[in-house]
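Structure file structure-v1.csv (CSV, C-alpha atoms and all ligand atoms) follows.
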```csv
chain,number,residue,atom,x,y,z
B,1,MET,CA,15.8,-21.4,-3.6
B,2,LYS,CA,14.2,-20.5,-6.9
B,3,ILE,CA,12.9,-16.9,-7.4
B,4,LEU,CA,10.6,-16.2,-10.3
B,5,ILE,CA,9.7,-12.8,-11.7
B,6,ALA,CA,6.3,-13.2,-13.3
B,7,THR,CA,5.3,-10.0,-15.1
B,8,LYS,CA,2.6,-9.8,-17.8
B,9,LYS,CA,3.6,-6.1,-18.1
B,10,PRO,CA,7.4,-6.4,-18.0
B,11,PHE,CA,9.9,-4.4,-16.0
B,12,ALA,CA,12.5,-2.3,-17.7
B,13,SER,CA,15.4,-4.6,-18.6
B,14,GLU,CA,17.7,-2.7,-16.2
B,15,ALA,CA,15.4,-3.6,-13.4
B,16,VAL,CA,15.4,-7.3,-14.4
B,17,GLU,CA,19.2,-7.3,-14.5
B,18,LYS,CA,19.4,-5.7,-11.0
B,19,ILE,CA,16.9,-8.2,-9.5
B,20,LYS,CA,18.9,-11.1,-11.1
B,21,GLU,CA,22.1,-9.8,-9.6
B,22,ILE,CA,20.6,-9.6,-6.1
B,23,VAL,CA,19.0,-13.1,-6.4
B,24,GLN,CA,22.2,-14.7,-7.8
B,25,ASN,CA,24.5,-13.0,-5.2
B,26,ALA,CA,22.4,-14.5,-2.5
B,27,GLY,CA,23.0,-17.9,-4.1
B,28,TYR,CA,19.5,-18.4,-5.4
B,29,GLU,CA,18.2,-19.5,-8.8
B,30,PHE,CA,16.7,-16.8,-11.0
B,31,ALA,CA,13.8,-17.4,-13.4
B,32,LEU,CA,11.8,-15.0,-15.6
B,33,LEU,CA,8.3,-15.2,-17.1
B,34,GLU,CA,7.5,-12.0,-19.0
B,35,LYS,CA,4.7,-10.9,-21.3
B,36,TYR,CA,2.8,-14.1,-20.8
B,37,THR,CA,-0.7,-14.0,-22.4
B,38,GLU,CA,-2.4,-17.0,-20.8
B,39,GLN,CA,-2.9,-17.5,-17.1
B,40,SER,CA,-2.0,-21.2,-17.7
B,41,GLU,CA,1.6,-20.1,-18.5
B,42,LEU,CA,1.8,-18.5,-15.0
B,43,VAL,CA,0.3,-21.6,-13.4
B,44,ASP,CA,2.9,-23.8,-15.1
B,45,ALA,CA,5.8,-21.5,-14.3
B,46,VAL,CA,5.2,-21.4,-10.5
B,47,LYS,CA,5.3,-25.2,-9.9
B,48,ASP,CA,8.8,-25.4,-8.4
B,49,VAL,CA,9.4,-21.8,-7.2
B,50,ASN,CA,10.0,-20.7,-3.6
B,51,ALA,CA,9.4,-16.9,-4.2
B,52,LEU,CA,7.5,-14.8,-6.6
B,53,ILE,CA,8.0,-11.2,-7.7
B,54,VAL,CA,4.9,-9.9,-9.5
B,55,ARG,CA,3.2,-6.6,-10.5
B,56,SER,CA,-0.6,-6.6,-11.2
B,57,ASP,CA,-0.4,-10.2,-12.2
B,58,LYS,CA,-3.3,-12.2,-10.9
B,59,ILE,CA,-2.2,-14.5,-8.1
B,60,THR,CA,-5.3,-16.6,-7.8
B,61,ARG,CA,-6.2,-19.7,-5.8
B,62,GLU,CA,-5.3,-21.7,-8.8
B,63,VAL,CA,-1.8,-20.2,-9.1
B,64,ILE,CA,-1.2,-20.6,-5.3
B,65,GLU,CA,-2.4,-24.2,-5.3
B,66,ALA,CA,-0.1,-25.0,-8.2
B,67,ALA,CA,2.9,-23.5,-6.4
B,68,GLY,CA,3.5,-26.2,-3.8
B,69,GLU,CA,6.9,-24.8,-2.8
B,70,LEU,CA,5.9,-21.2,-2.6
B,71,LYS,CA,6.9,-19.3,0.6
B,72,ILE,CA,6.7,-15.7,-0.3
B,73,VAL,CA,5.1,-13.4,-2.9
B,74,VAL,CA,6.2,-9.8,-3.3
B,75,ARG,CA,4.1,-7.4,-5.2
B,76,ALA,CA,6.6,-5.0,-6.7
B,77,GLY,CA,4.3,-2.0,-6.1
B,78,ALA,CA,1.6,-0.7,-3.8
B,79,GLY,CA,-1.8,-2.3,-4.4
B,80,TYR,CA,-2.1,-6.0,-3.6
B,81,ASP,CA,-5.7,-6.5,-4.6
B,82,ASN,CA,-4.4,-8.9,-7.4
B,83,ILE,CA,-3.4,-11.4,-4.8
B,84,ASP,CA,-5.7,-13.9,-3.2
B,85,LEU,CA,-4.6,-13.1,0.4
B,86,THR,CA,-7.0,-15.6,2.0
B,87,THR,CA,-5.6,-18.5,0.1
B,88,ALA,CA,-2.0,-17.3,0.6
B,89,THR,CA,-2.5,-17.0,4.4
B,90,GLU,CA,-4.3,-20.4,4.5
B,91,LYS,CA,-1.1,-21.9,2.9
B,92,GLY,CA,1.3,-20.0,5.2
B,93,ILE,CA,2.6,-17.9,2.3
B,94,VAL,CA,3.9,-14.5,3.2
B,95,VAL,CA,2.7,-11.7,1.0
B,96,MET,CA,4.5,-8.3,0.8
B,97,ASN,CA,4.3,-5.1,-1.2
B,98,THR,CA,7.0,-2.5,-1.7
B,99,PRO,CA,5.3,0.7,-0.5
B,100,GLY,CA,6.5,4.0,-1.9
B,101,GLN,CA,8.9,2.5,-4.4
B,102,ASN,CA,6.9,3.4,-7.5
B,103,SER,CA,5.0,6.4,-6.1
B,104,ASN,CA,6.8,9.2,-7.9
B,105,ALA,CA,6.0,7.7,-11.3
B,106,VAL,CA,2.3,7.5,-10.5
B,107,ALA,CA,2.3,11.0,-9.0
B,108,GLU,CA,3.9,12.5,-12.1
B,109,LEU,CA,1.4,10.8,-14.4
B,110,ALA,CA,-1.4,12.1,-12.3
B,111,LEU,CA,-0.2,15.7,-12.8
B,112,GLY,CA,0.4,15.1,-16.5
B,113,LEU,CA,-3.2,13.8,-16.9
B,114,MET,CA,-4.5,16.8,-15.0
B,115,VAL,CA,-2.7,19.2,-17.4
B,116,TYR,CA,-4.0,17.2,-20.3
B,117,ALA,CA,-7.6,17.5,-19.1
B,118,ALA,CA,-7.3,21.2,-18.3
B,119,ARG,CA,-6.0,21.8,-21.9
B,120,GLY,CA,-8.9,20.0,-23.5
B,121,PHE,CA,-6.8,16.9,-24.2
B,122,TYR,CA,-4.5,19.0,-26.4
B,123,ASN,CA,-7.2,19.9,-28.9
B,124,GLY,CA,-5.7,23.3,-29.5
B,125,LYS,CA,-8.7,25.3,-28.2
B,126,PRO,CA,-8.5,27.6,-25.2
B,127,GLY,CA,-8.2,25.5,-22.0
B,128,THR,CA,-7.7,26.5,-18.4
B,129,GLU,CA,-4.7,26.5,-16.0
B,130,LEU,CA,-4.2,24.5,-12.9
B,131,LYS,CA,-2.7,27.5,-10.9
B,132,GLY,CA,-5.1,28.6,-8.2
B,133,LYS,CA,-7.6,25.8,-8.8
B,134,THR,CA,-8.8,23.5,-6.1
B,135,LEU,CA,-7.5,19.9,-5.9
B,136,GLY,CA,-8.8,17.3,-3.4
B,137,ILE,CA,-6.7,14.3,-2.7
B,138,GLN,CA,-8.6,11.2,-1.6
B,139,ALA,CA,-6.1,9.3,0.6
B,140,TYR,CA,-2.9,10.8,1.6
B,141,GLY,CA,-0.5,7.9,1.3
B,142,HIS,CA,2.7,7.7,-0.7
B,143,VAL,CA,1.2,8.8,-4.1
B,144,GLY,CA,-1.5,11.1,-2.7
B,145,SER,CA,1.0,13.1,-0.7
B,146,LEU,CA,3.4,13.4,-3.6
B,147,VAL,CA,0.6,14.6,-5.9
B,148,ALA,CA,-0.4,17.1,-3.3
B,149,LYS,CA,3.2,18.5,-3.0
B,150,ILE,CA,3.8,18.8,-6.7
B,151,ALA,CA,0.4,20.3,-7.3
B,152,LYS,CA,0.9,22.9,-4.5
B,153,ASN,CA,4.5,23.7,-4.8
B,154,GLY,CA,4.9,23.2,-8.6
B,155,PHE,CA,1.6,24.3,-10.0
B,156,GLY,CA,0.3,26.6,-7.3
B,157,MET,CA,-2.9,24.7,-6.8
B,158,SER,CA,-5.0,25.0,-3.6
B,159,VAL,CA,-4.8,21.5,-2.2
B,160,SER,CA,-6.9,19.7,0.4
B,161,ALA,CA,-7.2,16.0,1.4
B,162,PHE,CA,-9.3,13.5,3.1
B,163,ASP,CA,-7.7,10.4,4.8
B,164,PRO,CA,-9.2,9.0,8.0
B,165,PHE,CA,-6.1,6.9,8.6
B,166,ILE,CA,-3.5,9.7,8.6
B,167,PRO,CA,-3.3,12.2,11.5
B,168,ALA,CA,-4.5,15.7,10.3
B,169,GLU,CA,-1.3,17.3,11.7
B,170,LYS,CA,0.8,15.3,9.3
B,171,ILE,CA,-1.2,16.4,6.3
B,172,GLU,CA,-1.4,20.0,7.5
B,173,ALA,CA,2.4,20.1,7.9
B,174,ASP,CA,2.6,20.0,4.0
B,175,GLY,CA,0.3,23.1,3.8
B,176,VAL,CA,-2.6,20.9,2.8
B,177,LYS,CA,-6.1,21.6,4.2
B,178,VAL,CA,-7.8,18.6,5.8
B,179,TYR,CA,-11.5,17.7,5.4
B,180,ASN,CA,-13.1,15.4,8.0
B,181,SER,CA,-15.5,13.9,5.5
B,182,VAL,CA,-15.2,12.6,2.0
B,183,GLU,CA,-18.4,14.6,1.1
B,184,GLU,CA,-16.8,17.9,2.1
B,185,LEU,CA,-13.7,17.0,0.0
B,186,TYR,CA,-15.9,16.5,-3.1
B,187,ALA,CA,-18.0,19.5,-2.5
B,188,ASN,CA,-15.0,21.8,-2.3
B,189,ASN,CA,-12.8,20.7,-5.1
B,190,ARG,CA,-12.8,21.2,-8.9
B,191,TYR,CA,-10.3,18.4,-9.3
B,192,ILE,CA,-10.4,15.2,-7.3
B,193,SER,CA,-7.5,12.8,-7.5
B,194,LEU,CA,-8.1,9.2,-6.3
B,195,HIS,CA,-5.4,7.4,-4.3
B,196,ILE,CA,-7.4,4.7,-2.4
B,197,PRO,CA,-6.8,1.0,-2.7
B,198,ALA,CA,-9.4,-1.4,-4.1
B,199,ASN,CA,-11.0,-3.4,-1.2
B,200,GLU,CA,-14.4,-4.4,0.0
B,201,GLN,CA,-14.9,-1.0,1.7
B,202,THR,CA,-13.8,1.1,-1.3
B,203,LYS,CA,-15.2,-0.8,-4.3
B,204,ASN,CA,-17.9,1.3,-6.1
B,205,SER,CA,-17.6,3.8,-3.2
B,206,ILE,CA,-17.2,6.8,-5.6
B,207,ASN,CA,-20.9,7.0,-6.4
B,208,TYR,CA,-23.4,9.5,-7.8
B,209,ASP,CA,-24.1,11.3,-4.6
B,210,LEU,CA,-20.4,12.0,-4.1
B,211,LEU,CA,-19.7,13.0,-7.7
B,212,ASN,CA,-22.7,15.3,-7.8
B,213,LYS,CA,-21.3,17.3,-4.9
B,214,MET,CA,-18.4,18.4,-7.1
B,215,PRO,CA,-18.5,22.1,-8.2
B,216,ARG,CA,-18.8,23.2,-11.8
B,217,ASP,CA,-16.2,22.2,-14.3
B,218,ALA,CA,-15.3,19.1,-12.3
B,219,THR,CA,-12.6,16.6,-13.2
B,220,LEU,CA,-12.3,13.2,-11.5
B,221,LEU,CA,-8.8,11.8,-11.9
B,222,ASN,CA,-8.1,8.1,-11.3
B,223,THR,CA,-4.6,6.7,-11.1
B,224,ALA,CA,-5.7,4.2,-8.4
B,225,ARG,CA,-8.1,1.4,-9.4
B,226,LYS,CA,-11.0,1.3,-11.7
B,227,GLU,CA,-13.1,-0.7,-9.3
B,228,VAL,CA,-13.4,2.1,-6.8
B,229,VAL,CA,-15.6,4.2,-9.2
B,230,ASP,CA,-19.2,3.1,-9.6
B,231,GLU,CA,-19.5,3.1,-13.4
B,232,ASP,CA,-23.3,3.5,-13.5
B,233,SER,CA,-23.0,6.6,-11.3
B,234,LEU,CA,-20.2,7.9,-13.5
B,235,ILE,CA,-22.3,7.5,-16.7
B,236,LYS,CA,-25.3,9.1,-15.0
B,237,ILE,CA,-23.3,12.2,-13.8
B,238,MET,CA,-21.7,12.6,-17.2
B,239,GLU,CA,-25.1,12.4,-18.9
B,240,GLU,CA,-26.5,15.0,-16.5
B,241,ARG,CA,-23.6,17.4,-16.3
B,242,ASP,CA,-21.8,18.4,-19.5
B,243,ASP,CA,-19.1,20.1,-17.4
B,244,PHE,CA,-17.9,16.9,-15.9
B,245,LYS,CA,-14.7,15.1,-17.0
B,246,TYR,CA,-13.2,11.7,-16.1
B,247,VAL,CA,-9.6,10.9,-16.7
B,248,SER,CA,-8.2,7.6,-15.8
B,249,ASP,CA,-5.0,5.5,-16.0
B,250,ILE,CA,-7.2,2.4,-15.7
B,251,ALA,CA,-9.8,2.1,-18.5
B,252,PRO,CA,-13.2,1.4,-17.0
B,253,ASP,CA,-15.3,-1.6,-18.1
B,254,ASN,CA,-17.5,0.8,-20.1
B,255,ALA,CA,-14.6,2.6,-21.7
B,256,GLU,CA,-15.9,2.4,-25.3
B,257,LEU,CA,-19.4,3.5,-24.3
B,258,LEU,CA,-18.0,6.4,-22.4
B,259,LYS,CA,-15.7,7.5,-25.2
B,260,GLU,CA,-18.5,7.3,-27.7
B,261,LYS,CA,-21.1,9.1,-25.5
B,262,PHE,CA,-18.8,11.8,-24.1
B,263,PRO,CA,-16.2,12.8,-26.6
B,264,GLY,CA,-13.7,15.4,-25.3
B,265,ARG,CA,-14.7,14.7,-21.7
B,266,VAL,CA,-13.0,11.4,-21.0
B,267,TYR,CA,-9.5,10.0,-21.5
B,268,PHE,CA,-8.1,6.6,-20.6
B,269,THR,CA,-4.4,5.6,-21.1
B,270,PRO,CA,-4.1,2.7,-23.5
B,271,LYS,CA,-2.6,0.5,-20.8
B,272,LYS,CA,-2.2,1.2,-17.1
B,273,MET,CA,1.1,3.1,-17.1
B,274,GLY,CA,1.4,5.1,-13.9
B,275,ALA,CA,4.2,3.0,-12.5
B,276,GLN,CA,5.7,2.1,-15.9
B,277,THR,CA,9.0,4.0,-15.7
B,278,ALA,CA,12.5,2.7,-15.6
B,279,GLU,CA,13.0,4.3,-12.2
B,280,ALA,CA,9.9,2.9,-10.6
B,281,ASN,CA,10.7,-0.6,-12.0
B,282,ILE,CA,14.2,-0.5,-10.7
B,283,ASN,CA,13.2,0.9,-7.3
B,284,ALA,CA,10.3,-1.5,-6.8
B,285,GLY,CA,12.1,-4.5,-8.3
B,286,ILE,CA,15.3,-4.1,-6.2
B,287,ALA,CA,13.1,-3.6,-3.1
B,288,ALA,CA,11.2,-6.8,-3.9
B,289,ALA,CA,14.4,-8.8,-4.4
B,290,ASN,CA,16.0,-7.5,-1.2
B,291,GLN,CA,12.8,-8.2,0.8
B,292,ILE,CA,12.8,-11.8,-0.4
B,293,VAL,CA,16.5,-12.3,0.5
B,294,ASN,CA,15.9,-10.7,3.9
B,295,TYR,CA,13.0,-12.9,4.5
B,296,PHE,CA,14.8,-16.1,3.7
B,297,GLU,CA,18.1,-15.1,5.4
B,298,LYS,CA,16.7,-13.2,8.5
B,299,GLY,CA,13.0,-13.9,8.7
B,300,ASP,CA,12.4,-10.1,8.1
B,301,VAL,CA,8.6,-9.6,7.6
B,302,THR,CA,8.6,-5.8,7.7
B,303,PHE,CA,6.4,-5.3,4.6
B,304,GLN,CA,4.2,-8.3,5.1
B,305,VAL,CA,0.5,-7.4,4.3
B,306,ASN,CA,-1.1,-10.7,5.5
B,307,LYS,CA,0.1,-10.8,9.1
Q,401,LIG,C1,0.6,-0.2,-7.8
Q,401,LIG,O1,-0.3,-0.7,-7.1
Q,401,LIG,O2,1.8,-0.3,-7.4
Q,401,LIG,C2,0.4,0.5,-9.1
Q,401,LIG,O3,-1.0,0.4,-9.4
Q,401,LIG,C3,1.3,0.0,-10.2
Q,401,LIG,O4,0.9,-1.2,-10.8
Q,401,LIG,P1,1.7,-2.0,-11.9
Q,401,LIG,O5,3.0,-2.5,-11.3
Q,401,LIG,O6,0.8,-3.1,-12.4
Q,401,LIG,O7,2.1,-1.0,-13.0
```
Output the structure of this file as structure tokens.
Ligand code: 3PG
Amino acid sequence: MKILIATKKPFASEAVEKIKEIVQNAGYEFALLEKYTEQSELVDAVKDVNALIVRSDKITREVIEAAGELKIVVRAGAGYDNIDLTTATEKGIVVMNTPGQNSNAVAELALGLMVYAARGFYNGKPGTELKGKTLGIQAYGHVGSLVAKIAKNGFGMSVSAFDPFIPAEKIEADGVKVYNSVEELYANNRYISLHIPANEQTKNSINYDLLNKMPRDATLLNTARKEVVDEDSLIKIMEERDDFKYVSDIAPDNAELLKEKFPGRVYFTPKKMGAQTAEANINAGIAAANQIVNYFEKGDVTFQVNK
């Protein structure tokens, strides 16, 4: 068995060492492709591998078709929108993610970005505090629920959430108010933090009508996926409302235009870095390696996403 880690954005070296140990202890061959710049390098590297560990790397039809021996792909992380699930399923390849393993890192960054925005991106002028302000969490999964807890218990924010897939009682048990519609969530919160995946239902779903429901001095915070925000709507709302801020860990397609047109009201990290901590890399990397071993040794498909 040959297991390849293919990460354009590399794991911390400690994570790579730990993955290697798990793979070799199971008697498998370990291979590493890091910081590649061309998709063709990935296509070449997968030719004889049986399992792949990736992050946001694009596992396209071309990659899958080049990997004739591939049996399993594990996305070390949460979102698997980078993987062509249709082709993988067609070829009988199991795709998994490692839910929850990198969530704390993303949640901490979300709070950090919120403080950064509230303090005028550290411009030295009087800002505002998070204490007592309203925060709406869109999707109460691993990251959303952690952001809610830190914001509420650590910063004293008033937190609410909208998530049609999670029972209200579960959210309320954390002292978080539940809204039954996304419109109500936007209408009642000065901060909105996005934690939805990118899929056909969610792409461009954060649109003008929704954004315009937000109260004065609104900040939209995105540590999820750029595709969920409709950029034309974003530009329109920012043109119309000089009290509106957008902060994101994933630079939008129109990043330069937004920075030029709305100085002091937008911020984008130089590179998506929510999950880029040693701890998140180690947790997600170890989980991915163990899931591969458990799949080959015991047929365990617990975290399969293309069942
Ligand atoms: C995820 O979906 O797990 C996060 O967006 C992190 O992505 P990354 O592994 O590319 O940093």
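Among B:Val23, B:Ala148, B:Val176, B:Ala76, the residue with the shortest atom-to-atom distance to Pro10 in chain B, counting only C-alpha atoms, is B:Ala76.
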Write out, as a tab-separated table, each residue of chain B that has an atom at most 9 Å from ligand LIG 401 (chain Q), together with the closest pair of atoms and their distance in Å to one decimal, counting only C-alpha atoms and all ligand atoms, rows going by chain and rising number.
```
residue	atom	partner	partner_atom	distance
B:Thr7	CA	Q:LIG401	O6	8.7
B:Lys8	CA	Q:LIG401	O6	8.8
B:Lys9	CA	Q:LIG401	O6	7.0
B:Pro10	CA	Q:LIG401	O5	8.9
B:Phe11	CA	Q:LIG401	O5	8.6
B:Val54	CA	Q:LIG401	O5	7.8
B:Arg55	CA	Q:LIG401	O5	4.2
B:Ser56	CA	Q:LIG401	O6	4.0
B:Asp57	CA	Q:LIG401	O6	7.2
B:Arg75	CA	Q:LIG401	O2	7.8
B:Ala76	CA	Q:LIG401	O5	6.4
B:Gly77	CA	Q:LIG401	O2	3.3
B:Ala78	CA	Q:LIG401	O2	3.6
B:Gly79	CA	Q:LIG401	O1	3.5
B:Tyr80	CA	Q:LIG401	O1	6.6
B:Asp81	CA	Q:LIG401	O1	8.3
B:Asn97	CA	Q:LIG401	O2	8.2
B:Thr98	CA	Q:LIG401	O2	8.0
B:Pro99	CA	Q:LIG401	O2	7.8
B:Gly100	CA	Q:LIG401	O2	8.4
B:Gln101	CA	Q:LIG401	O2	8.2
B:Asn102	CA	Q:LIG401	O2	6.3
B:Ser103	CA	Q:LIG401	O2	7.5
B:Val106	CA	Q:LIG401	C2	7.4
B:Pro197	CA	Q:LIG401	O1	8.0
B:Thr223	CA	Q:LIG401	O3	7.5
B:Ala224	CA	Q:LIG401	O3	6.1
B:Arg225	CA	Q:LIG401	O3	7.2
B:Lys272	CA	Q:LIG401	O7	6.3
B:Met273	CA	Q:LIG401	O7	5.9
B:Gly274	CA	Q:LIG401	O7	6.2
B:Ala275	CA	Q:LIG401	O7	4.5
B:Gln276	CA	Q:LIG401	O7	5.6
B:Thr277	CA	Q:LIG401	O7	8.9
B:Ala280	CA	Q:LIG401	O5	8.8
B:Asn281	CA	Q:LIG401	O5	8.0
B:Ala284	CA	Q:LIG401	O2	8.6
```
Point to revise | Nearest-residue call for Val43 in chain B, choices B:Gly264, B:Gly154, B:Gly132, B:Gly68, using all atoms listed in the file | key: B:Gly68
Practice item. Please return, as a ChimeraX atom specification, all polymer residues that have at least one atom within 10 Å of the point (6.6, -18.6, -10.0); use all atoms listed in the file and the file's own coordinate frame. Key: /B:2-6,31-33,41-54,59,63-64,66-67,69-70,73
Would you tabulate, counting only C-alpha atoms, all residues of range 86-179 of chain B that have an atom at most 12 Å from an atom of range 234-244 of chain B, showing the closest pair of atoms and their distance in Å to one decimal, sorted by chain then ascending number, as JSON lines?
```
{"residue": "B:Ala117", "atom": "CA", "partner": "B:Phe244", "partner_atom": "CA", "distance": 10.8}
{"residue": "B:Ala118", "atom": "CA", "partner": "B:Phe244", "partner_atom": "CA", "distance": 11.7}
{"residue": "B:Gly120", "atom": "CA", "partner": "B:Asp243", "partner_atom": "CA", "distance": 11.9}
```
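The nearest approach to Lys58 in chain B among the residues B:Gln39, B:Asn82, B:Asn180, B:Thr302, with all atoms listed in the file taken into account, belongs to B:Asn82.
CA of Thr128 in chain B to CA of Lys213 in chain B spans 21.3 Å [interatomic distance, one decimal].
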